[in-house]
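Chemist: I am sharing entry.tsv, which consists of TSV, C-alpha atoms:
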```tsv
chain	number	residue	atom	x	y	z
A	1	MET	CA	-10.69	-117.65	-220.61
A	2	GLU	CA	-13.85	-117.03	-218.62
A	3	LEU	CA	-14.50	-116.29	-214.94
A	4	ILE	CA	-17.94	-116.49	-213.34
A	5	PHE	CA	-18.38	-115.35	-209.74
A	6	LEU	CA	-20.76	-117.45	-207.66
A	7	GLY	CA	-20.20	-115.69	-204.35
A	8	THR	CA	-18.38	-112.52	-203.33
A	9	SER	CA	-19.23	-111.96	-199.66
A	10	ALA	CA	-16.96	-112.56	-196.66
A	11	GLY	CA	-18.11	-114.77	-193.81
A	12	THR	CA	-21.87	-114.48	-194.20
A	13	PRO	CA	-24.15	-114.03	-197.22
A	14	THR	CA	-26.22	-110.93	-197.90
A	15	ILE	CA	-29.21	-110.38	-200.15
A	16	ARG	CA	-26.91	-109.45	-203.04
A	17	ARG	CA	-23.86	-111.56	-202.26
A	18	ASN	CA	-23.39	-115.25	-201.55
A	19	VAL	CA	-20.28	-116.56	-199.80
A	20	SER	CA	-17.18	-117.60	-201.73
A	21	GLY	CA	-17.24	-119.45	-205.02
A	22	ALA	CA	-15.90	-118.89	-208.53
A	23	ALA	CA	-15.93	-120.84	-211.78
A	24	ILE	CA	-13.22	-120.79	-214.44
A	25	ARG	CA	-13.16	-122.33	-217.90
A	26	MET	CA	-11.84	-121.76	-221.36
A	27	GLN	CA	-14.29	-119.52	-223.18
A	28	HIS	CA	-17.33	-121.46	-224.43
A	29	ALA	CA	-15.85	-124.76	-223.20
A	30	ARG	CA	-18.21	-127.37	-221.75
A	31	ARG	CA	-16.01	-128.50	-218.89
A	32	TRP	CA	-15.28	-126.08	-216.09
A	33	TYR	CA	-13.55	-125.80	-212.72
A	34	LEU	CA	-14.89	-124.62	-209.37
A	35	VAL	CA	-12.78	-122.72	-206.84
A	36	ASP	CA	-14.34	-122.77	-203.36
A	37	CYS	CA	-17.86	-123.84	-202.59
A	38	GLY	CA	-19.52	-121.79	-199.88
A	39	GLU	CA	-23.05	-122.59	-198.76
A	40	GLY	CA	-25.52	-121.86	-201.57
A	41	THR	CA	-23.00	-122.21	-204.39
A	42	GLN	CA	-25.17	-124.74	-206.21
A	43	HIS	CA	-28.06	-122.26	-206.22
A	44	ARG	CA	-25.85	-119.68	-207.94
A	45	ILE	CA	-24.74	-122.29	-210.49
A	46	LEU	CA	-28.38	-122.69	-211.53
A	47	LYS	CA	-28.29	-119.07	-212.77
A	48	THR	CA	-25.30	-119.69	-215.04
A	49	PRO	CA	-24.61	-121.76	-218.19
A	50	LEU	CA	-22.69	-124.25	-216.02
A	51	SER	CA	-23.73	-127.82	-215.25
A	52	LEU	CA	-22.70	-130.28	-212.56
A	53	TYR	CA	-22.40	-132.87	-215.33
A	54	THR	CA	-19.49	-131.01	-216.91
A	55	LEU	CA	-17.73	-129.92	-213.71
A	56	ASP	CA	-14.19	-131.23	-214.20
A	57	ALA	CA	-12.57	-130.52	-210.82
A	58	ILE	CA	-13.05	-128.62	-207.56
A	59	PHE	CA	-10.36	-126.59	-205.83
A	60	ILE	CA	-10.84	-125.54	-202.18
A	61	THR	CA	-8.53	-122.80	-200.92
A	62	HIS	CA	-8.94	-123.46	-197.17
A	63	VAL	CA	-11.16	-125.11	-194.58
A	64	HIS	CA	-13.22	-122.15	-193.36
A	65	GLY	CA	-16.93	-122.72	-193.78
A	66	ASP	CA	-17.67	-119.81	-196.08
A	67	HIS	CA	-15.38	-121.53	-198.60
A	68	CYS	CA	-16.54	-125.15	-198.25
A	69	PHE	CA	-19.93	-125.57	-196.50
A	70	GLY	CA	-21.63	-125.94	-199.88
A	71	LEU	CA	-19.62	-129.03	-200.87
A	72	PRO	CA	-21.83	-131.81	-199.41
A	73	GLY	CA	-24.98	-130.40	-200.97
A	74	LEU	CA	-23.35	-129.83	-204.34
A	75	LEU	CA	-21.95	-133.37	-204.43
A	76	ALA	CA	-25.31	-134.84	-203.42
A	77	SER	CA	-27.09	-132.85	-206.11
A	78	ALA	CA	-24.59	-134.00	-208.74
A	79	SER	CA	-25.30	-137.58	-207.71
A	80	MET	CA	-29.08	-137.18	-207.74
A	81	SER	CA	-28.78	-135.60	-211.17
A	82	GLY	CA	-27.17	-138.80	-212.44
A	83	ARG	CA	-23.50	-137.88	-212.65
A	84	THR	CA	-21.31	-140.98	-212.96
A	85	GLU	CA	-17.95	-139.55	-214.04
A	86	PRO	CA	-15.33	-139.35	-211.26
A	87	LEU	CA	-14.74	-135.91	-209.78
A	88	ARG	CA	-11.34	-134.71	-208.64
A	89	ILE	CA	-11.11	-132.44	-205.59
A	90	TYR	CA	-7.95	-130.53	-204.69
A	91	ALA	CA	-8.12	-129.29	-201.10
A	92	PRO	CA	-6.48	-129.25	-197.68
A	93	PRO	CA	-6.58	-132.78	-196.18
A	94	ALA	CA	-9.32	-131.97	-193.62
A	95	ILE	CA	-11.80	-131.40	-196.46
A	96	GLU	CA	-11.73	-135.12	-197.29
A	97	LYS	CA	-12.78	-135.90	-193.72
A	98	PHE	CA	-15.47	-133.22	-193.87
A	99	ILE	CA	-16.98	-134.76	-197.00
A	100	LYS	CA	-16.87	-138.26	-195.53
A	101	VAL	CA	-18.52	-137.23	-192.26
A	102	ALA	CA	-21.24	-135.26	-194.05
A	103	THR	CA	-22.07	-138.09	-196.45
A	104	ASP	CA	-21.91	-140.77	-193.72
A	105	VAL	CA	-24.10	-138.92	-191.22
A	106	THR	CA	-26.71	-138.08	-193.85
A	107	GLN	CA	-26.47	-141.54	-195.42
A	108	SER	CA	-25.84	-139.91	-198.77
A	109	TRP	CA	-24.77	-142.22	-201.58
A	110	LEU	CA	-22.73	-140.72	-204.41
A	111	SER	CA	-23.11	-142.17	-207.89
A	112	PHE	CA	-19.54	-141.21	-208.79
A	113	GLU	CA	-16.10	-141.62	-207.28
A	114	ILE	CA	-14.23	-138.74	-205.68
A	115	ASP	CA	-10.55	-138.56	-206.53
A	116	PHE	CA	-9.25	-136.52	-203.60
A	117	VAL	CA	-5.86	-134.80	-203.94
A	118	PRO	CA	-4.59	-133.32	-200.64
A	119	VAL	CA	-3.02	-129.87	-200.86
A	120	THR	CA	-0.47	-129.20	-198.14
A	121	GLN	CA	2.15	-126.98	-199.73
A	122	ALA	CA	3.10	-125.02	-202.81
A	123	GLN	CA	3.12	-127.18	-205.94
A	124	GLN	CA	3.95	-126.58	-209.58
A	125	ALA	CA	2.25	-127.55	-212.81
A	126	ILE	CA	-0.59	-129.89	-211.92
A	127	ASP	CA	-2.11	-131.19	-215.15
A	128	CYS	CA	-5.84	-130.56	-214.91
A	129	GLY	CA	-7.89	-130.78	-218.09
A	130	ASP	CA	-7.74	-127.49	-219.97
A	131	PHE	CA	-5.21	-125.97	-217.57
A	132	THR	CA	-1.98	-126.49	-215.74
A	133	VAL	CA	-2.48	-125.31	-212.17
A	134	ASP	CA	0.23	-124.09	-209.82
A	135	ILE	CA	-0.41	-123.80	-206.08
A	136	SER	CA	0.97	-121.07	-203.81
A	137	GLU	CA	0.82	-120.86	-200.03
A	138	LEU	CA	-0.85	-117.82	-198.51
A	139	SER	CA	-1.07	-116.35	-195.00
A	140	HIS	CA	-4.23	-116.89	-192.95
A	141	ARG	CA	-5.34	-118.37	-189.63
A	142	VAL	CA	-5.41	-121.80	-191.27
A	143	PRO	CA	-3.43	-123.08	-194.27
A	144	SER	CA	-4.74	-121.22	-197.30
A	145	PHE	CA	-3.76	-121.48	-200.96
A	146	ALA	CA	-3.93	-119.68	-204.28
A	147	TYR	CA	-4.51	-121.58	-207.53
A	148	GLY	CA	-2.92	-120.28	-210.73
A	149	PHE	CA	-4.74	-121.49	-213.86
A	150	THR	CA	-2.59	-121.37	-217.01
A	151	GLU	CA	-4.13	-122.32	-220.33
A	152	LYS	CA	-2.49	-125.18	-222.18
A	153	PRO	CA	-0.62	-124.53	-225.45
A	154	LYS	CA	-2.73	-124.67	-228.59
A	155	GLN	CA	-1.64	-125.87	-232.01
A	156	ARG	CA	0.26	-123.08	-233.70
A	157	ARG	CA	-1.20	-121.43	-236.78
A	158	LEU	CA	0.29	-121.70	-240.24
A	159	ASN	CA	2.06	-118.67	-241.67
A	160	VAL	CA	-0.05	-118.75	-244.81
A	161	LYS	CA	1.47	-115.57	-246.19
A	162	LYS	CA	4.98	-117.02	-246.07
A	163	LEU	CA	3.84	-120.36	-247.53
A	164	LYS	CA	2.30	-118.62	-250.53
A	165	ALA	CA	5.25	-116.28	-250.97
A	166	ASP	CA	7.61	-119.27	-251.09
A	167	GLY	CA	5.40	-121.09	-253.58
A	168	VAL	CA	4.44	-123.96	-251.29
A	169	PRO	CA	1.28	-125.50	-252.78
A	170	ALA	CA	-1.72	-125.98	-250.50
A	171	GLY	CA	-2.60	-129.56	-249.67
A	172	PRO	CA	-1.01	-132.40	-247.70
A	173	ILE	CA	2.27	-130.51	-247.35
A	174	TRP	CA	0.51	-127.70	-245.47
A	175	GLY	CA	-1.06	-130.29	-243.20
A	176	ALA	CA	2.32	-131.86	-242.44
A	177	ILE	CA	3.88	-128.47	-241.72
A	178	HIS	CA	0.95	-127.59	-239.44
A	179	LYS	CA	1.89	-130.63	-237.37
A	180	GLY	CA	5.44	-129.32	-237.10
A	181	GLU	CA	6.88	-131.79	-239.59
A	182	ASP	CA	9.52	-131.01	-242.21
A	183	ALA	CA	8.62	-131.57	-245.87
A	184	THR	CA	10.15	-131.94	-249.33
A	185	LEU	CA	8.56	-130.35	-252.41
A	186	ASP	CA	8.30	-131.97	-255.83
A	187	ASP	CA	11.01	-129.60	-257.06
A	188	GLY	CA	13.42	-130.98	-254.47
A	189	ARG	CA	13.32	-128.11	-251.98
A	190	SER	CA	13.45	-129.11	-248.34
A	191	LEU	CA	11.23	-127.18	-245.94
A	192	VAL	CA	11.68	-126.86	-242.19
A	193	GLY	CA	8.20	-126.96	-240.71
A	194	GLU	CA	9.09	-124.61	-237.86
A	195	ASP	CA	9.85	-121.86	-240.37
A	196	TYR	CA	6.23	-121.78	-241.52
A	197	LEU	CA	4.47	-121.63	-238.16
A	198	MET	CA	3.36	-118.44	-236.47
A	199	PRO	CA	5.01	-117.67	-233.11
A	200	PRO	CA	3.23	-119.35	-230.20
A	201	PRO	CA	0.89	-116.99	-228.30
A	202	LYS	CA	1.64	-116.15	-224.70
A	203	LEU	CA	-0.15	-118.55	-222.39
A	204	ARG	CA	-2.63	-116.64	-220.23
A	205	LYS	CA	-2.89	-117.18	-216.48
A	206	ILE	CA	-5.54	-116.34	-213.89
A	207	ILE	CA	-4.81	-116.64	-210.16
A	208	ILE	CA	-7.71	-117.19	-207.74
A	209	CYS	CA	-6.70	-116.73	-204.12
A	210	GLY	CA	-7.99	-117.90	-200.79
A	211	ASP	CA	-7.97	-115.66	-197.73
A	212	ASN	CA	-4.61	-113.95	-197.31
A	213	ASP	CA	-3.28	-111.07	-195.22
A	214	ARG	CA	0.12	-110.93	-196.95
A	215	PRO	CA	-0.30	-110.26	-200.68
A	216	GLU	CA	3.47	-110.49	-201.10
A	217	CYS	CA	3.04	-114.28	-200.81
A	218	LEU	CA	1.93	-114.05	-204.45
A	219	ALA	CA	5.09	-112.35	-205.70
A	220	GLU	CA	6.42	-115.33	-207.67
A	221	THR	CA	3.20	-116.62	-209.20
A	222	ALA	CA	1.81	-113.14	-209.95
A	223	SER	CA	4.82	-112.31	-212.10
A	224	THR	CA	3.45	-114.58	-214.85
A	225	ALA	CA	-0.27	-113.81	-214.49
A	226	GLU	CA	-2.62	-111.53	-216.42
A	227	VAL	CA	-5.27	-111.60	-213.68
A	228	VAL	CA	-5.22	-111.81	-209.89
A	229	VAL	CA	-8.48	-112.47	-208.03
A	230	HIS	CA	-7.97	-111.55	-204.37
A	231	GLU	CA	-9.94	-110.71	-201.27
A	232	ALA	CA	-10.40	-107.12	-200.12
A	233	THR	CA	-12.44	-107.76	-197.01
A	234	TYR	CA	-11.94	-104.32	-195.48
A	235	THR	CA	-10.77	-100.82	-196.08
A	236	GLU	CA	-7.68	-99.84	-194.14
A	237	ASP	CA	-9.46	-97.74	-191.50
A	238	VAL	CA	-11.91	-100.52	-190.65
A	239	SER	CA	-9.18	-103.14	-190.43
A	240	GLN	CA	-7.11	-100.95	-188.11
A	241	GLY	CA	-10.12	-100.39	-185.87
A	242	LEU	CA	-10.94	-104.06	-185.29
A	243	LYS	CA	-10.37	-105.54	-181.84
A	244	PHE	CA	-8.84	-108.70	-183.31
A	245	ASP	CA	-6.46	-109.61	-186.10
A	246	PRO	CA	-8.70	-111.04	-188.84
A	247	GLN	CA	-5.76	-111.98	-191.08
A	248	HIS	CA	-7.56	-110.59	-194.10
A	249	SER	CA	-6.35	-108.13	-196.71
A	250	THR	CA	-7.47	-104.57	-197.14
A	251	ALA	CA	-8.13	-102.91	-200.47
A	252	LYS	CA	-5.01	-100.79	-199.93
A	253	ALA	CA	-2.78	-103.80	-199.24
A	254	ILE	CA	-3.71	-105.86	-202.27
A	255	ALA	CA	-3.88	-102.83	-204.57
A	256	GLY	CA	-0.42	-101.69	-203.49
A	257	PHE	CA	0.98	-105.16	-204.12
A	258	ALA	CA	-0.67	-105.40	-207.54
A	259	GLU	CA	0.75	-102.03	-208.53
A	260	LYS	CA	4.27	-103.03	-207.51
A	261	ALA	CA	3.97	-106.42	-209.21
A	262	GLU	CA	2.60	-104.77	-212.39
A	263	VAL	CA	-0.50	-106.95	-212.41
A	264	LYS	CA	-2.53	-105.99	-215.47
A	265	ASN	CA	-5.96	-106.95	-214.13
A	266	LEU	CA	-6.99	-107.02	-210.46
A	267	VAL	CA	-10.36	-108.39	-209.39
A	268	LEU	CA	-11.41	-107.80	-205.78
A	269	THR	CA	-13.88	-110.05	-203.95
A	270	HIS	CA	-14.75	-111.41	-200.45
A	271	PHE	CA	-16.16	-108.14	-199.14
A	272	SER	CA	-17.25	-107.60	-195.55
A	273	SER	CA	-21.04	-107.52	-195.19
A	274	ARG	CA	-20.75	-104.07	-193.58
A	275	TYR	CA	-20.18	-102.53	-197.05
A	276	GLN	CA	-23.47	-101.93	-198.83
A	277	GLN	CA	-23.54	-101.87	-202.60
A	278	VAL	CA	-25.04	-98.41	-202.82
A	279	GLY	CA	-26.94	-95.91	-200.79
A	280	ARG	CA	-27.78	-95.53	-197.20
A	281	GLY	CA	-25.33	-97.39	-194.99
A	282	PRO	CA	-22.37	-95.93	-193.14
A	283	ARG	CA	-20.13	-98.04	-195.38
A	284	THR	CA	-20.44	-98.62	-199.12
A	285	MET	CA	-18.51	-100.43	-201.82
A	286	ALA	CA	-17.44	-97.05	-203.16
A	287	GLU	CA	-15.00	-96.80	-200.25
A	288	ILE	CA	-13.30	-100.06	-201.21
A	289	GLU	CA	-13.10	-98.99	-204.84
A	290	ALA	CA	-11.69	-95.56	-203.94
A	291	GLU	CA	-9.02	-97.05	-201.67
A	292	ALA	CA	-7.95	-99.57	-204.30
A	293	THR	CA	-7.91	-96.99	-207.08
A	294	ALA	CA	-5.68	-94.72	-205.00
A	295	HIS	CA	-2.98	-97.41	-204.93
A	296	TYR	CA	-3.43	-99.27	-208.24
A	297	SER	CA	-3.37	-97.93	-211.79
A	298	GLY	CA	-4.17	-101.12	-213.71
A	299	ARG	CA	-7.57	-102.51	-214.71
A	300	LEU	CA	-9.55	-102.79	-211.49
A	301	HIS	CA	-12.83	-104.68	-211.03
A	302	LEU	CA	-14.93	-105.23	-207.92
A	303	ALA	CA	-16.72	-108.53	-208.46
A	304	ASN	CA	-20.45	-109.01	-207.96
A	305	ASP	CA	-22.24	-112.34	-207.77
A	306	LEU	CA	-22.91	-113.74	-211.25
A	307	ASP	CA	-20.52	-111.34	-212.92
A	308	ARG	CA	-18.89	-112.92	-215.97
A	309	PHE	CA	-15.43	-111.88	-217.11
A	310	TRP	CA	-13.60	-112.73	-220.33
A	311	LEU	CA	-9.82	-112.58	-220.65
A	312	ASP	CA	-9.04	-111.95	-224.30
A	313	PRO	CA	-5.89	-113.14	-226.13
A	314	ASP	CA	-4.25	-109.76	-225.52
A	315	GLY	CA	-4.63	-110.05	-221.75
A	316	HIS	CA	-7.49	-107.58	-221.38
A	317	LEU	CA	-10.16	-108.57	-218.86
A	318	GLY	CA	-13.68	-107.43	-219.65
A	319	ARG	CA	-16.86	-107.76	-217.59
A	320	TYR	CA	-20.39	-108.58	-218.71
A	321	ILE	CA	-22.92	-107.79	-215.98
A	322	PRO	CA	-26.20	-109.75	-215.71
A	323	ALA	CA	-29.51	-107.91	-215.65
A	324	GLU	CA	-30.07	-108.88	-211.98
A	325	HIS	CA	-27.51	-106.30	-210.89
A	326	ALA	CA	-29.88	-103.40	-210.38
A	327	ASP	CA	-28.59	-100.59	-208.19
A	328	GLN	CA	-30.58	-101.27	-205.06
A	329	PRO	CA	-29.50	-101.10	-201.42
A	330	ASP	CA	-28.47	-104.34	-199.74
A	331	THR	CA	-30.72	-104.14	-196.71
A	332	SER	CA	-29.16	-107.27	-195.24
A	333	ALA	CA	-25.76	-105.63	-194.78
A	334	ALA	CA	-24.56	-106.10	-191.22
A	335	PRO	CA	-24.14	-103.12	-188.89
A	336	GLU	CA	-20.64	-102.19	-187.76
A	337	ASP	CA	-20.80	-104.07	-184.46
A	338	ALA	CA	-22.41	-107.25	-185.76
A	339	ALA	CA	-19.97	-107.63	-188.64
A	340	ASP	CA	-16.91	-108.08	-186.45
A	341	SER	CA	-17.64	-111.63	-185.31
A	342	SER	CA	-18.77	-112.97	-188.69
A	343	GLU	CA	-15.61	-112.25	-190.69
A	344	THR	CA	-12.98	-114.16	-188.75
A	345	ASN	CA	-13.14	-116.96	-191.35
```
Could you render the structure as structure tokens?
Modeler:
Amino acid sequence: MELIFLGTSAGTPTIRRNVSGAAIRMQHARRWYLVDCGEGTQHRILKTPLSLYTLDAIFITHVHGDHCFGLPGLLASASMSGRTEPLRIYAPPAIEKFIKVATDVTQSWLSFEIDFVPVTQAQQAIDCGDFTVDISELSHRVPSFAYGFTEKPKQRRLNVKKLKADGVPAGPIWGAIHKGEDATLDDGRSLVGEDYLMPPPKLRKIIICGDNDRPECLAETASTAEVVVHEATYTEDVSQGLKFDPQHSTAKAIAGFAEKAEVKNLVLTHFSSRYQQVGRGPRTMAEIEAEATAHYSGRLHLANDLDRFWLDPDGHLGRYIPAEHADQPDTSAAPEDAADSSETN
């Protein structure tokens, strides 16, 4: 399974970070799935192997603009590029109205149908292409959701060693057993197909969350996941010092939950623009990493735009960083005072 981050900033973009967006697909698969579509998402897609032709479905976690303002432009670009296949969108009901108003006002004509599926509550086992997707309710100023992507079962492998040891000749009988069928040999022996198949592998699951100030909302779905992707907008001291309740998580809160829930891989994203990547600001990403590390002992990653992650069959998440990620200061990072009003989304 593969994750590609298209935006990792909270509220407003910076030079290094776009607002929220992430792509998920089976490794090397053509079709893929988009979770959130902040403004500028389609520009990030142009720097990836992904194509709007092969986009299978869009999932929007909540209605705040940094998670959906990119939708009208992306849909219009898909149309102008000649897409004709219908596109399914899972999202809170207001997103359907947002798309309609945007396309009507701009007199945009889409060359494909939108199959809109309203998301209003927790749901189980939506069948969506390469995945089954469960939906969990989160805690934010507006209804917000997490999407759990579980790979679909693959055909089980033959236990070739056992077949040879039992003298089962290769050929059509192996093919029948591979399909799970029973078989009878020429010498009269009856074979139970199930006895010659390898055990099914554990189905891997990646959860991608919307904004959420109560990580414990994920307790049930996280128990079956290898990876949780969650916001860490602030460090604890900054969150406590705000003059309003942003209803966002801190690095400490999500890390503490992940530790208790025994999450193997935790990926943090949706960072306040006050935290510079490196160097000269009063706040840096190193503070978020240090706070999370102090409360979580699993595999921790802080996502950057265009980072690509692979989840291997053993449940280990690895990151491959593009060449664009040079260690340079993000001079667009907001000062302490200015950042307060831009992160209420």
Chemist: So which residues fall inside 10 Å of (-20.0, -122.4, -208.6) if we count all atoms listed in the file? Mind giving them as a JSON list (two decimals) with C-alpha atoms, keeping the file's coordinate frame?
Modeler:
```json
[["chain", "number", "residue", "atom", "x", "y", "z"],
["A", 4, "ILE", "CA", -17.94, -116.49, -213.34],
["A", 5, "PHE", "CA", -18.38, -115.35, -209.74],
["A", 6, "LEU", "CA", -20.76, -117.45, -207.66],
["A", 7, "GLY", "CA", -20.20, -115.69, -204.35],
["A", 20, "SER", "CA", -17.18, -117.60, -201.73],
["A", 21, "GLY", "CA", -17.24, -119.45, -205.02],
["A", 22, "ALA", "CA", -15.90, -118.89, -208.53],
["A", 23, "ALA", "CA", -15.93, -120.84, -211.78],
["A", 24, "ILE", "CA", -13.22, -120.79, -214.44],
["A", 32, "TRP", "CA", -15.28, -126.08, -216.09],
["A", 33, "TYR", "CA", -13.55, -125.80, -212.72],
["A", 34, "LEU", "CA", -14.89, -124.62, -209.37],
["A", 35, "VAL", "CA", -12.78, -122.72, -206.84],
["A", 36, "ASP", "CA", -14.34, -122.77, -203.36],
["A", 37, "CYS", "CA", -17.86, -123.84, -202.59],
["A", 38, "GLY", "CA", -19.52, -121.79, -199.88],
["A", 40, "GLY", "CA", -25.52, -121.86, -201.57],
["A", 41, "THR", "CA", -23.00, -122.21, -204.39],
["A", 42, "GLN", "CA", -25.17, -124.74, -206.21],
["A", 43, "HIS", "CA", -28.06, -122.26, -206.22],
["A", 44, "ARG", "CA", -25.85, -119.68, -207.94],
["A", 45, "ILE", "CA", -24.74, -122.29, -210.49],
["A", 46, "LEU", "CA", -28.38, -122.69, -211.53],
["A", 47, "LYS", "CA", -28.29, -119.07, -212.77],
["A", 48, "THR", "CA", -25.30, -119.69, -215.04],
["A", 50, "LEU", "CA", -22.69, -124.25, -216.02],
["A", 51, "SER", "CA", -23.73, -127.82, -215.25],
["A", 52, "LEU", "CA", -22.70, -130.28, -212.56],
["A", 55, "LEU", "CA", -17.73, -129.92, -213.71],
["A", 58, "ILE", "CA", -13.05, -128.62, -207.56],
["A", 70, "GLY", "CA", -21.63, -125.94, -199.88],
["A", 74, "LEU", "CA", -23.35, -129.83, -204.34],
["A", 306, "LEU", "CA", -22.91, -113.74, -211.25]]
```
Chemist: CA of His67 (chain A) and CA of Ala232 (chain A), how far apart in Å?
Modeler: 15.3 Å
Chemist: With distances taken over only C-alpha atoms, which residue among A:Lys243, A:Arg204, A:Arg156, A:Arg189 lies nearest Met1 (chain A)?
Modeler: A:Arg204
Chemist: Pick the closest to Pro92 (chain A) from A:Asp104, A:Glu137, A:Asp182, A:Asp130: which is it, counting all atoms listed in the file?
Modeler: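 Ranking A:Asp104, A:Glu137, A:Asp182, A:Asp130 by distance to Pro92 (chain A), first place goes to A:Glu137.
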Chemist: Need to verify the contact set: Leu203 (chain A), 8 Å, only C-alpha atoms, exclusion of same-chain residues closer than 6 positions in sequence. Can you return it as a count of residues only?
Modeler: 4
Chemist: Please report the interatomic distance between CA of Lys202 (chain A) and CA of His301 (chain A) in Å with one decimal.
Modeler: 23.0 Å
Chemist: Counting all atoms listed in the file, which residue out of A:Ile89, A:Leu158, A:Cys217, A:Ile173 sits closest to Phe145 (chain A)?
Modeler: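 Closest candidate: A:Cys217.
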Chemist: Which distance in Å separates CA of Ala183 (chain A) and CA of Tyr196 (chain A), to one decimal?
Modeler: 11.0 Å
Chemist: Compare A:Ala76, A:Pro169, A:Thr132, A:His28 by their minimum atom-to-atom distance to Ala102 (chain A), counting all atoms listed in the file, and give me the closest one.
Modeler: A:Ala76
Chemist: Compare A:Lys100, A:Glu2, A:Thr12, A:Ala57 by their minimum atom-to-atom distance to Asp115 (chain A), counting all atoms listed in the file, and give me the closest one.
Modeler: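 Using all atoms listed in the file, Asp115 (chain A) sits closest to A:Ala57.
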Chemist: Residues near region 277-293 of chain A, anyone? I mean within 6 Å using all atoms listed in the file, not counting same-chain ones fewer than 5 positions away, as a PyMOL selection string.
Modeler: chain A and resi 235+251-252+255+329
Chemist: Quick one: residues within 8 Å of Val119 (chain A), only C-alpha atoms counted, chain neighbours fewer than 2 positions away excluded, as a list in words?
Modeler: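 Near Val119 (chain A), the qualifying residues are Tyr90, Ala91, Pro92, Pro93, Val117 and Gln121 of chain A.
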Chemist: For Ser272 (chain A), which residue among A:Glu194, A:Asp245, A:Thr8, A:Arg88 is the nearest when counting all atoms listed in the file?
Modeler: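 With all atoms listed in the file as the atom set, the closest residue is A:Thr8.
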Chemist: Contacts of Glu39 (chain A) at 8 Å or less, counting all atoms listed in the file, minus same-chain residues fewer than 6 places along, as a list of chain:residue names?
Modeler: A:Asn18, A:Val19, A:Gly65, A:Asp66, A:His67, A:Cys68, A:Phe69, A:Gly70, A:Leu71
